[in-house]
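**Q** This structure is in structure tokens; I'll ask about it shortly.
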Amino acid sequence: MTAISFIHTDTNLDSFAPRLLDWFAENGRHDLPWQQHQTDTPNPYIVWLSEVMLQQTQVTTVLPYFARFMESFPTVQDLAAAEWDMVAEHWAGLGYYARARNLHKGAKQLVAVIDETGDFPQTLAGWEAISGVGPSTAGAIMAMGLHRYGVICDGNVKRVLTRWAAIDGDITKSATTKELWALAERLTPRENSGLFAQAMMDMGATLCTRSKPACLLCPLQDDCIAHAQGRETNYPVKAKKQPKPSKFSNALLIKDVDSNTLWLQRPDNGIWGGLWSLPLEFIKKIEGKGSSKTSAEESQNKDDTKLEVASNEKVYETEFTTAEQIINEWLDKNNLAAAPINKTLIDDAPIKHSLTHFHWYLTPQSVTLNNEQAAEISEALQAAQININWLNADDAQATLGLPRAMVKILE
């Protein structure tokens, strides 16, 4: 175990859990639908589902999604048996869509384990073998979903611990991660580790928040080193992120004579894997004369900035799906150009959608096909085994799993 670099005494360490649990009993949240600490027969399925949903997502956002999942998929067998399109539709808008893929895959893995052993995995290693389940999620399921010993060390926990112990290492570094896990293991009681896990989550979510922590209400304030130093918001220490780059795309509303729009199912891998999207055209920015700006965001409103559709092979390989290549080539061959809905491409700000690694600016453009053309492009896509749908905006939102960016466009 890694040495723990702080100045707390054994008394401080031993009293940490009792103080936290006393606070949680009086002030913690006890009405969240996935909480299992008030039942003698915990349900690990519920805890697993909620833990996946809560990764990088706030409780208030997750609550309606969790309710919909539990209504449609009340058991892990129901989730495993569901078609992916139905799972994607339930997840759409929650973001970080790889979680949904892992959830669906993980449900099938769990059913296989249950069929073989008669129960959910009963060990930390068994849960870590499930797609999308890391050490902290596995610890949470063990502690809260099975009422066994389990340790968590998620973002909320790291924030509490780095402040309490004034751990000044970069939390993105493996050495600091090991130090935090060692401290979390030292503080987690063998009994009631599920209660302790929920109390730590509540502490980070309601008191020890990123900004303006409520230190005067904290049961740990007397020996919190960051609080004693008046440096609470200096922790956790994390290397500054590089500014996100920007990408631009046209979002093509290709319509038939009945005003139905063409929708493509995205490949399983990559952005929005398995969800439905409008066809996209990647745009490369060409600087006009006299422009010294290099940032797409800074120059998007400059009169001398031009955008052109990228057509070189390298851009196609990195930015376009096979379906989008087929569509763009078909449009070119038929001398059909999608027109900006609002006349100008630059002056009307495109829709901004931020993803983990970049900002995406999407400009809706429209082109209407006659019946023969709509049939021809459909046949070309289906020949390449690409799933398509022609639906109006209301039906698309009601029946397809759409990423939030597509909903923004429709709105």
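Chain identifiers are assigned as A, B, and so on, following the order in which chains appear in the structure tokens; residues are numbered from 1 within each chain, and ligands are numbered from 1 in order of appearance.
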For the contact check between region 143-260 of chain A and region 106-123 of chain A, emit one row per residue of region 143-260 of chain A within 12 Å, containing the shortest atom pair and the distance in Å rounded to one decimal, counting only C-alpha atoms, chain then rising number order, as JSON lines.
**A**
{"residue": "A:Ala143", "atom": "CA", "partner": "A:Thr123", "partner_atom": "CA", "distance": 10.7}
{"residue": "A:Gly145", "atom": "CA", "partner": "A:Gln122", "partner_atom": "CA", "distance": 10.1}
{"residue": "A:Leu146", "atom": "CA", "partner": "A:Gln122", "partner_atom": "CA", "distance": 7.7}
{"residue": "A:His147", "atom": "CA", "partner": "A:Gln122", "partner_atom": "CA", "distance": 10.5}
{"residue": "A:Arg148", "atom": "CA", "partner": "A:Gln122", "partner_atom": "CA", "distance": 9.0}
{"residue": "A:Tyr149", "atom": "CA", "partner": "A:Thr123", "partner_atom": "CA", "distance": 9.8}
{"residue": "A:Gly150", "atom": "CA", "partner": "A:Thr123", "partner_atom": "CA", "distance": 9.7}
**Q** Once you count only C-alpha atoms, what closest atom pair and distance in Å to one decimal does each residue of region 347-370 of chain A within 10 Å of region 249-252 of chain A have, with rows by chain and rising residue number, as a tab-separated table?
**A**
residue	atom	partner	partner_atom	distance
A:Pro350	CA	A:Asn250	CA	9.0
A:Ile351	CA	A:Ser249	CA	9.9
A:Trp360	CA	A:Ser249	CA	7.4
A:Tyr361	CA	A:Ser249	CA	6.2
A:Leu362	CA	A:Ser249	CA	5.0
A:Thr363	CA	A:Asn250	CA	4.7
A:Pro364	CA	A:Ala251	CA	4.6
A:Gln365	CA	A:Leu252	CA	5.0
A:Ser366	CA	A:Leu252	CA	5.8
A:Val367	CA	A:Leu252	CA	7.5
**Q** Could you tell me how far CA of Leu391 (chain A) lies from CA of Asn260 (chain A), in Å and to one decimal?
**A**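 Straight-line distance from CA of Leu391 (chain A) to CA of Asn260 (chain A) works out to 4.7 Å.
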**Q** Excluding Asn371 (chain A) and residues on its chain fewer than 6 positions from it, collect all residues at most 12 Å away from it, counting only C-alpha atoms, and give them as a list of chain:residue names.
**A**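 Near Asn371 (chain A), the qualifying residues are A:Lys255, A:Asp256, A:Val257, A:Asp258, A:Ser259, A:Asn260, A:Ile377, A:Ser378.
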**Q** Go through A:Glu411, A:Glu26, A:Glu128, A:Asp394 one by one, measure the shortest atom-to-atom distance of each to Ala199 (chain A) using only C-alpha atoms, and give the residue with the smallest value.
**A**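 Comparing A:Glu411, A:Glu26, A:Glu128, A:Asp394 against Ala199 (chain A), the winner is A:Glu26.
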**Q** Considering only C-alpha atoms, return as a list in words whatever protein or nucleic-acid residues lie within 12 Å of Leu63 (chain A), sequence-local ones (same chain, fewer than 6 positions apart) excluded.
**A**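 Listing them by chain and then by number gives Asp31, Leu32, Pro33, Trp34, Leu49, Ser50, Glu51, Met53, Leu54, Thr57, Phe69, Met70 and Leu94 of chain A.
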**Q** Find the residues near Thr356 (chain A): any atom within 10 Å, counting only C-alpha atoms, skip ones fewer than 2 places away on the same chain, and give them as a list in words.
**A**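 The residues satisfying every condition are Gly95, Tyr96, Lys244, Ser354, Phe358 and His359 of chain A.
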**Q** With N, CA and C atoms kept, could you save the residues just selected as a compact mmCIF listing (two decimals), in the first residue's frame?
**A**
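Contents of the output file out_31.txt:
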# COMPACT_ATOMS: atom_id res chain seq x y z
N GLY A 95 -25.94 11.74 -22.78
CA GLY A 95 -24.54 11.99 -23.11
C GLY A 95 -23.61 10.83 -22.79
N TYR A 96 -22.34 10.99 -23.21
CA TYR A 96 -21.32 9.95 -22.99
C TYR A 96 -21.89 8.58 -23.39
N LYS A 244 -10.21 23.38 -25.84
CA LYS A 244 -10.80 22.45 -26.82
C LYS A 244 -10.73 23.04 -28.22
N SER A 354 -20.95 20.97 -27.38
CA SER A 354 -19.63 20.65 -26.81
C SER A 354 -19.58 19.18 -26.43
N PHE A 358 -13.86 18.31 -28.05
CA PHE A 358 -13.93 19.45 -28.95
C PHE A 358 -15.32 20.08 -28.93
N HIS A 359 -15.37 21.32 -29.41
CA HIS A 359 -16.64 22.00 -29.63
C HIS A 359 -17.06 21.75 -31.07
**Q** Would you mind listing what lies within 6 Å of Ala166 (chain A) as a list in words, with only C-alpha atoms counted and same-chain residues fewer than 3 positions away left out?
**A**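 That gives Thr162, Arg163, Ile225 and Ala226 of chain A.
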**Q** Generate a file of the selected residues that holds C-alpha atoms, formatted as a short mmCIF file (atom, residue, chain, number, x, y, z; two decimals), in the first residue's frame.
**A**
data_model
loop_
_atom_site.label_atom_id
_atom_site.label_comp_id
_atom_site.auth_asym_id
_atom_site.auth_seq_id
_atom_site.Cartn_x
_atom_site.Cartn_y
_atom_site.Cartn_z
CA THR A 162 -7.72 15.83 -1.17
CA ARG A 163 -9.13 18.70 0.89
CA ILE A 225 -6.31 20.72 6.54
CA ALA A 226 -7.49 22.66 3.48
#
**Q** Tell me, as number ranges by chain, which residues lie within 12 Å of Met86 (chain A), counting only C-alpha atoms; anything in the same chain fewer than 5 positions away does not count.
**A** A: 68-69, 72-73, 78-81, 91-92, 100-101, 104, 274-276, 398-402
**Q** Print the selection's residues with C-alpha atoms to a file, as an mmCIF file, in the first residue's frame.
**A**
data_model
loop_
_atom_site.group_PDB
_atom_site.id
_atom_site.type_symbol
_atom_site.label_atom_id
_atom_site.label_comp_id
_atom_site.auth_asym_id
_atom_site.auth_seq_id
_atom_site.Cartn_x
_atom_site.Cartn_y
_atom_site.Cartn_z
ATOM 1 C CA ARG A 68 -37.718 5.480 -17.534
ATOM 2 C CA PHE A 69 -35.164 2.658 -17.555
ATOM 3 C CA SER A 72 -39.099 -0.308 -19.313
ATOM 4 C CA PHE A 73 -36.343 -2.609 -18.021
ATOM 5 C CA ASP A 78 -35.319 -7.166 -19.510
ATOM 6 C CA LEU A 79 -32.414 -4.856 -20.341
ATOM 7 C CA ALA A 80 -30.360 -7.660 -21.875
ATOM 8 C CA ALA A 81 -33.287 -8.801 -24.043
ATOM 9 C CA TRP A 91 -30.546 6.974 -23.132
ATOM 10 C CA ALA A 92 -30.689 9.740 -25.771
ATOM 11 C CA ALA A 100 -25.133 3.040 -22.920
ATOM 12 C CA ARG A 101 -23.300 0.593 -25.165
ATOM 13 C CA HIS A 104 -26.397 -3.049 -22.824
ATOM 14 C CA GLY A 274 -25.517 3.384 -32.465
ATOM 15 C CA LEU A 275 -27.637 6.545 -32.306
ATOM 16 C CA TRP A 276 -29.457 8.233 -35.196
ATOM 17 C CA ALA A 398 -40.501 9.979 -30.562
ATOM 18 C CA THR A 399 -39.069 6.781 -32.029
ATOM 19 C CA LEU A 400 -35.324 7.172 -32.593
ATOM 20 C CA GLY A 401 -32.431 7.503 -30.188
ATOM 21 C CA LEU A 402 -31.177 10.990 -31.114
#
**Q** Could you tell me which of A:Gln385, A:Ser136, A:Asn328, A:Gln77 comes closest to Asn156 (chain A) if we count only C-alpha atoms?
**A**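 The shortest atom-to-atom distance to Asn156 (chain A) comes from A:Ser136.
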**Q** Using the chain letters and numbers from this document, which residues of region 154-263 of chain A does DSSP assign to strand (DSSP E or B), as number ranges by chain?
**A** A: 246-255, 261-263
**Q** Any chance you could export the current selection's C-alpha atoms as a PDB file, in the first residue's frame?
**A**
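Saved file out-v2.pdb follows:
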ATOM      1  CA  SER A 246     -13.460  23.530 -32.716  1.00  0.00           C
ATOM      2  CA  LYS A 247     -14.919  21.621 -35.641  1.00  0.00           C
ATOM      3  CA  PHE A 248     -17.566  22.732 -38.091  1.00  0.00           C
ATOM      4  CA  SER A 249     -20.098  20.595 -39.927  1.00  0.00           C
ATOM      5  CA  ASN A 250     -23.157  21.066 -42.062  1.00  0.00           C
ATOM      6  CA  ALA A 251     -26.082  19.003 -40.814  1.00  0.00           C
ATOM      7  CA  LEU A 252     -28.016  17.934 -43.904  1.00  0.00           C
ATOM      8  CA  LEU A 253     -31.774  17.824 -43.746  1.00  0.00           C
ATOM      9  CA  ILE A 254     -32.356  15.714 -46.856  1.00  0.00           C
ATOM     10  CA  LYS A 255     -36.125  15.663 -47.375  1.00  0.00           C
ATOM     11  CA  THR A 261     -36.091  13.690 -43.404  1.00  0.00           C
ATOM     12  CA  LEU A 262     -33.356  11.107 -43.947  1.00  0.00           C
ATOM     13  CA  TRP A 263     -31.834   9.734 -40.731  1.00  0.00           C
TER      14      TRP A 263
END
**Q** For a test of reading the model, state the distance in Å between CA of Pro44 (chain A) and CA of Pro74 (chain A), rounded to one decimal.
**A**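 For CA of Pro44 (chain A) relative to CA of Pro74 (chain A), the distance reads 12.3 Å.
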**Q** Run DSSP on the backbone and tell me which residues of region 40-209 of chain A come out as alpha helix (DSSP H); list them as a PyMOL selection string.
**A** chain A and resi 44-54+59-72+76-81+84-91+98-117+124-128+135-140+155-165+174-187+193-202
